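A.B. asks: One structure, as structure tokens, below. Some questions next.
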Amino acid sequence: VIQLGQAEHAIITTCAYCGVGCGFKAEMKGTTVVRMTPWKDGKANEGHACVKGRFAWGYATHKDRITEPMIRSSIHEPWRKVGWDEAIAYAAAEFKRIQAGYGRDAVGGISSSRCTNEEVYLVQKLVRAGFGNNNIDTCARVCHSPTGFGLSQTFGTSAGTQTFKSVEQADVILLIGANPTDAHPVFASRLKRRLRQGARLLVLDPRRIELVDAPHVRAEQHLALLPGTNVAVITAMAHVVVSEGLLAEAFIKERCEAKSFADWRAFVARAENSPEALEAVSGVPAAQVRAAARLFAAGPNSAIYYGLGVTEHAQGSTMVMGIANLAMACGMVGREGVGVNPLRGQNNVQGSCDMGSFPHELPGYRHISDSTVRGDFEADWGVQLNPEPGLRIPNMFEAALAGSFKGLYCHGEDIVQSDPNTQHVAAALAAMECVVVQDIFLNETAKYAHVLLPGSSFLEKDGTFTNAERRISRVRQVMPPLAGLADWQVTQKLANALGCPMHYEHPEQIMDEVARLTPSFAGVSYAKIERLGSVQWPCNDGTEEAGTTTMHRERFVRGKGRFFITQYLPSKEKVTRRYPLLLTTGRILSQYNVGAQTRRTANNQWHAEDRLEIHPHDAQDRGIRQDDWVGISSRAGQTVLRAELSERMQPGVVYTTFHFPESGANVITTDNSDWATNCPEYKLTAVEVVRVEQS
Ligand code: SF4
């Protein structure tokens with residue numbers, strides 16, 4: 001707490017929007033926030049902020065906030081307001097009834113990357129220890145699950161390798177499927193500063209993002225590939241590195257598995273993987289791919305930053321491994337200025353994955369089938385854990401439609417709006433007998449709920465978030481929860497009602513338990529964060545006190561780095577005469593994800609609707625003019641948006657954002673998904689666009 005002149009005091013906390021994790025001072029008058037100002041000592045932002053964190057916090061006290069629990073026996077009935085005890089007892093009784101009637105595995109939970117580490121940990125504990133199964137998944141399933149899989153397979157840990165500051169020592173920056181100017185603005189400023197100092201930028205993206213043409217930072221190359229062909233381009237770049245003798249031989253010999261490298265080298269060296277052979281697939285001229293590969297390999301420091309344009313594809317995991325392959329092949333891991341860096345969309349994607357919210361992993365990415373790890377948790381929690389991995393989110397929907405999954409605890413996630421193929425998700429929820437939604441607003445998913453438990457915003461609770469650079473920062477309560485309970489207290493009440501005892505008095509005790517049971521979180525404590533401002537995991541005995549800025553310095557976490565074969569496979573989603581265009585999606589600066597928060601703030605003045613960006617040639621072919629309403633149809637469904645003619649798009653590719661429920665972006669996305677993780681293929685949907693009249 002800092003004493004101020006104007007406001008009465010200020011409390012340091014962390015932005016609840018993107019994965020940059022900016023530190024803020026909440027300037028207070030009593031329990032009212034009067035201003036959010038960026039914290040100059042925040043390591044992730046160093047006093048900078050964007051329009052979301054700085055101005056879009058008023059949703060916390062918006063009139064739409066749900067402040068009383070509600071229940072109903074059917075989704076066709078009106079809601080009935082009840083007290084906390086009645087709502088919790090009703091939810092617990094329903095889950096018990098379902099398990100008694102349909103079996104232990106008929107229920108599950110979904111946690112959110114918007115929630116704190118401590119809350120996510122409790123939700124997965126409730127599912128594993130209270131429900132007795134592993135049907136726990138997280139919304140990271142639909143964004144960065146391929147990062148978790150791909151980086152753990154290649155490097156041995158599911159996290160970015162660097163701090164944001166590391167970019168200040170990069171000479172070449174390869175940006176893939178990411179648009180930091182809109183989605184990670186404070187990191188984008190740092191990136192631009194480095195580019196203005198002379199670093200060279202390679203952009204691999206179907207869309208001509210702002211950084212391609214930004215003043216004084218013009219990209220060296222914009223590799224404008226066709227959506228869905230990332231793996232073809234990264235493999236072609238690897239082919240150039242191998243065939244032109246650009247490999248970092250000494251690094252590979254010392255740091256990587258010889259056999260996996262030899263297999264990979266033989267694979268990428270094949271003529272069919274050359275830039276010339278793959279040019280027709282990706283649409284990227286071979287000469288451009290060759291130039292980009294040479295520049296990347298030359299470095300001397302080349303860093304890769306990537307976003308959901310990598311992961312949200314049928315080959316998302318393959319592409320993450322392709323990125324890791326390229327970094328290892330060129331020796332670009334293990335020091336400042338290099339590395340592989342996933343830019344996380346939500347504030348706590350990294351943390352929610354760390355906390356064991358995938359159905360096959362306990363906290364710290366340890367497989368549920370490992371009896372030693374399971375034994376540690378069993379001894380601490382006093383339960384027997386199920387060794388079988390549980391259902392992923394899409395499997396829960398399939399099981400619901402098949403009649404074997406009947407109850408869901410959905411914490412802080414609007415799956416109806418954010419998951420692909422909305423009709424499919426809605427049908428699955430409608431088939432369940434008890435859906436419990438814990439959220440701050442009556443969201444789209446709540447339309448299918450039987451119990452609504454009011455959630456709390458980041459201003460109403462204590463806890464921690466972990467940003468994209470593994471930095472754990474404090475979230476501090478600045479005002480009491482509007483509904484009387486913070487999220488972690490609600491989960492604790494529900495767990496107790498289910499017969500899973502939890503008696504935490506403060507989130508600090510939850511973090512102490514995490515640190516006790518999770519080697520990668522050993523050494524993390526509120527006291528240390530208080531003293532240092534933030535810490536980066538791992539921060540145990542073998543590291544600097546504030547943790548690890550650069551991973552894999554002397555050796556990879558898994559020992560030797562492992563190369564993987566990255567065979568390009570075309571997506572099942574194909575253009576046809578009926579659906580001749582490819583739709584891809586992304587974000588805009590002033591809005592955030594499904595817009596539940598930012599739509600309820602003044603940020604709406606900058607962007608109040610989702611639009612369809614279409615190249616002028618495609619628009620002209622269809623008689624579409626600027627601002628016309630257009631109907632967009634895909635194999636999954638159809639929606640209507642206003643047209644935005646834009647040369648950011650290449651002909652044949654259209655683009656939209658997904659911030660408004662009425663625009664229905666996910667009504668048209670299909671349920672194709674990544675082969676390894678089921679991350680949806682949001683970035684590639686074959687569509688047709690026609691001009692329509694809209695009253
Ligand atoms: Fe918040 Fe991200 Fe903006 Fe920082 S860059 S203020 S974390 S939204």
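Residue numbering restarts at 1 in every chain; chains get A, B, ... in the order shown in the structure tokens, and ligands count up from 1 in that same order.
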Can you tell me which residues sit at most 9 Å away from ligand 1, counting only C-alpha atoms and all ligand atoms, written as a compact mmCIF listing (two decimals) with C-alpha atoms, in the first residue's frame?
C.D. replies:
# COMPACT_ATOMS: atom_id res chain seq x y z
CA THR A 14 -1.71 -6.89 -12.09
CA CYS A 15 -3.73 -6.30 -15.25
CA ALA A 16 -6.37 -8.95 -15.86
CA TYR A 17 -6.30 -8.78 -19.66
CA CYS A 18 -3.46 -10.09 -21.83
CA GLY A 19 -0.46 -12.31 -21.14
CA VAL A 20 1.98 -9.39 -20.90
CA GLY A 21 0.91 -9.07 -17.25
CA CYS A 22 1.47 -5.35 -16.69
CA GLY A 23 1.75 -4.09 -13.12
CA PHE A 24 -0.67 -1.33 -12.13
CA PRO A 38 0.93 1.70 -14.86
CA ALA A 44 6.78 -6.79 -17.51
CA ASN A 45 5.76 -3.24 -18.41
CA HIS A 48 3.85 1.35 -19.77
CA ALA A 49 0.26 0.29 -20.33
CA CYS A 50 -2.31 -0.06 -23.08
CA VAL A 51 -5.85 1.14 -23.52
CA LYS A 52 -7.30 -2.00 -21.98
CA GLY A 53 -5.42 -2.16 -18.70
CA ARG A 54 -5.35 1.60 -18.25
CA PHE A 55 -9.00 2.43 -18.94
CA PRO A 180 1.22 -7.87 -30.84
CA ASP A 182 -3.40 -5.29 -31.06
CA ALA A 183 -3.11 -8.30 -28.79
CA HIS A 184 0.03 -7.61 -26.68
CA PRO A 185 0.48 -3.84 -27.02
CA VAL A 186 3.04 -3.21 -24.29
CA PHE A 187 5.28 -5.97 -25.61
CA ALA A 188 4.72 -4.57 -29.13
CA GLY A 345 -3.62 -14.27 -25.13
CA GLN A 346 -5.19 -14.21 -21.68
CA ASN A 347 -3.57 -12.94 -18.51
CA ASN A 467 2.40 -14.04 -17.52
CA LEU A 589 -6.58 -3.39 -29.57
CA SER A 590 -9.48 -1.93 -27.62
CA TYR A 592 -10.58 -8.39 -25.36
A.B. asks: So which residues of region 288-535 of chain A fall under strand (DSSP E or B) by DSSP, listed as JSON, numbers by chain?
C.D. replies: {"A": [302, 303, 304, 305, 306, 339, 340, 341, 342, 361, 362, 366, 367, 407, 408, 409, 410, 411, 434, 435, 436, 437, 438, 439, 451, 452, 453, 454, 463, 464, 465, 466, 471, 472, 473, 474, 475, 534, 535]}
A.B. asks: Which residues, written as a list in words, have at least one atom at most 6 Å from region 217-230 of chain A, with only C-alpha atoms counted and residues fewer than 6 positions away on the same chain left out?
C.D. replies: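 Residues meeting the cut-off are Leu195, Arg196, Leu201, Leu202, Val203, Leu204, Asp205, Pro206, Ser282, Gly283 and Val284 of chain A.
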A.B. asks: Considering only C-alpha atoms, state which residue in the set A:Ala170, A:Ile565, A:Leu278, A:Leu612 is at the smallest distance from Lys259 (chain A).
C.D. replies: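 Of A:Ala170, A:Ile565, A:Leu278, A:Leu612, the one nearest Lys259 (chain A), counting only C-alpha atoms, is A:Ile565.
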A.B. asks: Could you build a table of the residues in region 353-399 of chain A lying no more than 12 Å from region 507-524 of chain A, giving for each the nearest pair of atoms and their separation in Å rounded to one decimal place, using only C-alpha atoms, ordered by chain and ascending residue number, as CSV?
C.D. replies:
residue,atom,partner,partner_atom,distance
A:Asp354,CA,A:Ser520,CA,8.8
A:Met355,CA,A:Val514,CA,7.9
A:Gly356,CA,A:Thr518,CA,9.9
A:Glu361,CA,A:Thr518,CA,11.8
A:Leu362,CA,A:Thr518,CA,8.9
A:Pro363,CA,A:Thr518,CA,6.2
A:Gly364,CA,A:Thr518,CA,5.6
A:Tyr365,CA,A:Thr518,CA,9.1
A:Arg366,CA,A:Thr518,CA,9.1
A:Thr372,CA,A:Leu517,CA,11.7
A:Val373,CA,A:Leu517,CA,8.8
A:Arg374,CA,A:Leu517,CA,10.2
A:Gly375,CA,A:Leu517,CA,10.5
A:Asp376,CA,A:Leu517,CA,7.0
A:Phe377,CA,A:Leu517,CA,7.0
A:Glu378,CA,A:Leu517,CA,10.6
A:Ala379,CA,A:Leu517,CA,10.3
A:Asp380,CA,A:Leu517,CA,8.3
A:Trp381,CA,A:Glu513,CA,10.0
A.B. asks: Can you work out the spacing between CA of Pro420 (chain A) and CA of Leu175 (chain A) in Å, to one decimal?
C.D. replies: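 One can read the CA of Pro420 (chain A) to CA of Leu175 (chain A) distance as 25.4 Å.
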A.B. asks: From region 232-449 of chain A, collect each residue whose DSSP state is helix (DSSP H, G or I) and return the set as JSON, numbers by chain.
C.D. replies: {"A": [232, 233, 234, 235, 236, 237, 238, 239, 240, 241, 242, 243, 249, 250, 251, 252, 253, 254, 255, 258, 259, 260, 261, 262, 263, 264, 265, 266, 267, 268, 269, 271, 272, 273, 275, 276, 277, 278, 279, 280, 281, 282, 286, 287, 288, 289, 290, 291, 292, 293, 294, 295, 296, 297, 298, 308, 309, 310, 311, 316, 317, 318, 319, 320, 321, 322, 323, 324, 325, 326, 327, 328, 329, 349, 350, 351, 352, 353, 354, 371, 372, 373, 374, 375, 376, 377, 378, 379, 380, 381, 393, 394, 395, 396, 397, 398, 399, 400, 401, 402, 415, 416, 417, 418, 422, 423, 424, 425, 426, 427, 428, 429, 430, 445, 446, 447, 448]}
A.B. asks: Residues of the last selection are to be written out with C-alpha atoms, as an mmCIF file, in the first residue's frame.
C.D. replies:
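See selection_25.cif below for the written result:
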data_model
loop_
_atom_site.group_PDB
_atom_site.id
_atom_site.type_symbol
_atom_site.label_atom_id
_atom_site.label_comp_id
_atom_site.auth_asym_id
_atom_site.auth_seq_id
_atom_site.Cartn_x
_atom_site.Cartn_y
_atom_site.Cartn_z
ATOM 1 C CA ALA A 232 5.066 -26.104 -45.008
ATOM 2 C CA VAL A 233 6.901 -22.792 -44.526
ATOM 3 C CA ILE A 234 8.777 -23.717 -41.338
ATOM 4 C CA THR A 235 9.851 -27.017 -42.912
ATOM 5 C CA ALA A 236 11.004 -25.197 -46.051
ATOM 6 C CA MET A 237 13.028 -22.784 -43.888
ATOM 7 C CA ALA A 238 14.591 -25.788 -42.142
ATOM 8 C CA HIS A 239 15.401 -27.255 -45.563
ATOM 9 C CA VAL A 240 17.372 -24.122 -46.430
ATOM 10 C CA VAL A 241 19.257 -24.227 -43.125
ATOM 11 C CA VAL A 242 20.222 -27.860 -43.702
ATOM 12 C CA SER A 243 20.930 -27.752 -47.439
ATOM 13 C CA GLU A 249 26.685 -27.910 -35.584
ATOM 14 C CA ALA A 250 28.453 -27.422 -32.246
ATOM 15 C CA PHE A 251 25.230 -26.494 -30.426
ATOM 16 C CA ILE A 252 23.392 -29.471 -31.897
ATOM 17 C CA LYS A 253 26.206 -31.865 -31.066
ATOM 18 C CA GLU A 254 26.433 -30.734 -27.470
ATOM 19 C CA ARG A 255 22.792 -29.969 -26.646
ATOM 20 C CA ALA A 258 21.830 -37.190 -32.086
ATOM 21 C CA LYS A 259 19.301 -39.700 -33.395
ATOM 22 C CA SER A 260 16.319 -37.329 -33.517
ATOM 23 C CA PHE A 261 18.522 -34.725 -35.218
ATOM 24 C CA ALA A 262 19.798 -37.184 -37.834
ATOM 25 C CA ASP A 263 16.244 -38.312 -38.648
ATOM 26 C CA TRP A 264 15.023 -34.735 -38.851
ATOM 27 C CA ARG A 265 17.932 -33.638 -41.034
ATOM 28 C CA ALA A 266 17.306 -36.467 -43.482
ATOM 29 C CA PHE A 267 13.616 -35.549 -43.569
ATOM 30 C CA VAL A 268 13.955 -31.815 -44.165
ATOM 31 C CA ALA A 269 16.737 -32.338 -46.732
ATOM 32 C CA ALA A 271 13.618 -32.246 -52.310
ATOM 33 C CA GLU A 272 9.890 -32.331 -51.560
ATOM 34 C CA ASN A 273 10.580 -30.077 -48.526
ATOM 35 C CA PRO A 275 10.966 -23.872 -50.677
ATOM 36 C CA GLU A 276 10.514 -24.393 -54.432
ATOM 37 C CA ALA A 277 8.533 -27.614 -53.934
ATOM 38 C CA LEU A 278 6.353 -26.084 -51.192
ATOM 39 C CA GLU A 279 5.784 -22.722 -52.868
ATOM 40 C CA ALA A 280 2.568 -23.873 -54.521
ATOM 41 C CA VAL A 281 1.282 -25.116 -51.154
ATOM 42 C CA SER A 282 1.976 -22.038 -49.036
ATOM 43 C CA ALA A 286 10.702 -19.705 -52.623
ATOM 44 C CA ALA A 287 13.189 -16.836 -52.831
ATOM 45 C CA GLN A 288 11.475 -15.158 -49.880
ATOM 46 C CA VAL A 289 11.621 -18.321 -47.788
ATOM 47 C CA ARG A 290 15.298 -18.759 -48.630
ATOM 48 C CA ALA A 291 16.121 -15.167 -47.706
ATOM 49 C CA ALA A 292 14.189 -15.435 -44.430
ATOM 50 C CA ALA A 293 15.916 -18.693 -43.461
ATOM 51 C CA ARG A 294 19.360 -17.266 -44.186
ATOM 52 C CA LEU A 295 18.642 -14.132 -42.175
ATOM 53 C CA PHE A 296 17.318 -16.157 -39.238
ATOM 54 C CA ALA A 297 20.270 -18.551 -39.238
ATOM 55 C CA ALA A 298 22.784 -15.679 -39.477
ATOM 56 C CA LEU A 308 -2.555 -18.233 -31.899
ATOM 57 C CA GLY A 309 -1.940 -18.162 -35.648
ATOM 58 C CA VAL A 310 0.461 -21.014 -34.857
ATOM 59 C CA THR A 311 -1.527 -23.040 -32.371
ATOM 60 C CA GLY A 316 -0.798 -26.546 -34.312
ATOM 61 C CA SER A 317 1.357 -28.930 -32.288
ATOM 62 C CA THR A 318 3.414 -29.851 -35.351
ATOM 63 C CA MET A 319 4.108 -26.171 -35.982
ATOM 64 C CA VAL A 320 5.191 -25.544 -32.376
ATOM 65 C CA MET A 321 7.650 -28.419 -32.762
ATOM 66 C CA GLY A 322 8.743 -27.024 -36.145
ATOM 67 C CA ILE A 323 9.526 -23.711 -34.467
ATOM 68 C CA ALA A 324 11.519 -25.484 -31.751
ATOM 69 C CA ASN A 325 13.367 -27.499 -34.426
ATOM 70 C CA LEU A 326 14.385 -24.331 -36.269
ATOM 71 C CA ALA A 327 15.562 -22.621 -33.074
ATOM 72 C CA MET A 328 17.672 -25.639 -32.081
ATOM 73 C CA ALA A 329 19.039 -26.145 -35.600
ATOM 74 C CA VAL A 349 -2.825 -18.886 -19.701
ATOM 75 C CA GLN A 350 0.633 -19.869 -18.503
ATOM 76 C CA GLY A 351 -0.539 -20.143 -14.913
ATOM 77 C CA SER A 352 -3.701 -22.076 -15.628
ATOM 78 C CA CYS A 353 -1.628 -24.678 -17.499
ATOM 79 C CA ASP A 354 1.001 -24.728 -14.730
ATOM 80 C CA SER A 371 2.222 -43.064 -9.270
ATOM 81 C CA THR A 372 5.039 -41.246 -7.437
ATOM 82 C CA VAL A 373 3.637 -37.831 -8.289
ATOM 83 C CA ARG A 374 0.112 -38.995 -7.600
ATOM 84 C CA GLY A 375 1.304 -40.327 -4.246
ATOM 85 C CA ASP A 376 2.540 -36.868 -3.206
ATOM 86 C CA PHE A 377 -0.862 -35.330 -3.880
ATOM 87 C CA GLU A 378 -2.716 -38.244 -2.312
ATOM 88 C CA ALA A 379 -0.718 -37.892 0.894
ATOM 89 C CA ASP A 380 -1.309 -34.146 1.011
ATOM 90 C CA TRP A 381 -4.976 -34.165 0.009
ATOM 91 C CA ILE A 393 -13.531 -30.024 -23.364
ATOM 92 C CA PRO A 394 -14.567 -31.323 -26.822
ATOM 93 C CA ASN A 395 -14.801 -34.862 -25.413
ATOM 94 C CA MET A 396 -17.093 -33.557 -22.667
ATOM 95 C CA PHE A 397 -19.389 -32.137 -25.359
ATOM 96 C CA GLU A 398 -19.360 -35.398 -27.316
ATOM 97 C CA ALA A 399 -20.044 -37.412 -24.158
ATOM 98 C CA ALA A 400 -22.907 -35.068 -23.261
ATOM 99 C CA LEU A 401 -24.499 -35.570 -26.665
ATOM 100 C CA ALA A 402 -23.983 -39.332 -26.294
ATOM 101 C CA ILE A 415 -17.739 -21.637 -23.693
ATOM 102 C CA VAL A 416 -20.816 -20.905 -25.813
ATOM 103 C CA GLN A 417 -19.247 -17.769 -27.206
ATOM 104 C CA SER A 418 -15.602 -18.741 -27.195
ATOM 105 C CA THR A 422 -21.559 -22.717 -31.256
ATOM 106 C CA GLN A 423 -24.544 -24.887 -32.181
ATOM 107 C CA HIS A 424 -22.638 -28.019 -31.170
ATOM 108 C CA VAL A 425 -21.586 -26.521 -27.809
ATOM 109 C CA ALA A 426 -25.122 -25.292 -27.080
ATOM 110 C CA ALA A 427 -26.626 -28.690 -27.897
ATOM 111 C CA ALA A 428 -24.136 -30.407 -25.586
ATOM 112 C CA LEU A 429 -24.941 -28.051 -22.703
ATOM 113 C CA ALA A 430 -28.666 -28.423 -23.297
ATOM 114 C CA THR A 445 -23.171 -20.094 -21.381
ATOM 115 C CA ALA A 446 -25.399 -19.096 -18.458
ATOM 116 C CA LYS A 447 -28.393 -19.435 -20.807
ATOM 117 C CA TYR A 448 -27.859 -23.198 -20.438
#
A.B. asks: Ranking A:Thr67, A:Asn179, A:Ser152, A:Asn386 by minimum distance to Arg104 (chain A) and counting only C-alpha atoms, which one comes first?
C.D. replies: A:Asn386
A.B. asks: Env of Met332 (chain A): 9 Å cut, atoms = only C-alpha atoms, seq-sep filter 6 positions within chain, self excluded. Answer as a list in words.
C.D. replies: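 Counting only C-alpha atoms, the residues come to Ala248, Ala297, Gly299, Pro300, Asn301, Ser302, Ala303, Ile304, Leu326, Val338, Gly339 and Val340 of chain A.
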A.B. asks: Might you pull out every residue within 8 Å of region 594-600 of chain A, with only C-alpha atoms counted and same-chain residues fewer than 4 positions away left off, and present them as a ChimeraX atom specification?
C.D. replies: /A:52,56-59,62,414,417-418,441,443,590,604,608,658-661
A.B. asks: Might you pull out every residue within 8 Å of His411 (chain A), with only C-alpha atoms counted and same-chain residues fewer than 4 positions away left off, and present them as an mmCIF file with C-alpha atoms, in the first residue's frame?
C.D. replies:
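The new file out_38.cif reads:
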data_model
loop_
_atom_site.group_PDB
_atom_site.id
_atom_site.type_symbol
_atom_site.label_atom_id
_atom_site.label_comp_id
_atom_site.auth_asym_id
_atom_site.auth_seq_id
_atom_site.Cartn_x
_atom_site.Cartn_y
_atom_site.Cartn_z
ATOM 1 C CA GLY A 109 -15.110 -28.971 -14.599
ATOM 2 C CA ILE A 110 -13.675 -26.240 -16.818
ATOM 3 C CA SER A 111 -11.338 -23.630 -15.377
ATOM 4 C CA SER A 112 -10.345 -20.299 -16.827
ATOM 5 C CA VAL A 123 -10.952 -26.045 -9.328
ATOM 6 C CA VAL A 437 -21.694 -21.364 -14.163
ATOM 7 C CA GLN A 438 -19.481 -19.186 -11.980
ATOM 8 C CA ASP A 439 -19.031 -15.841 -13.671
#
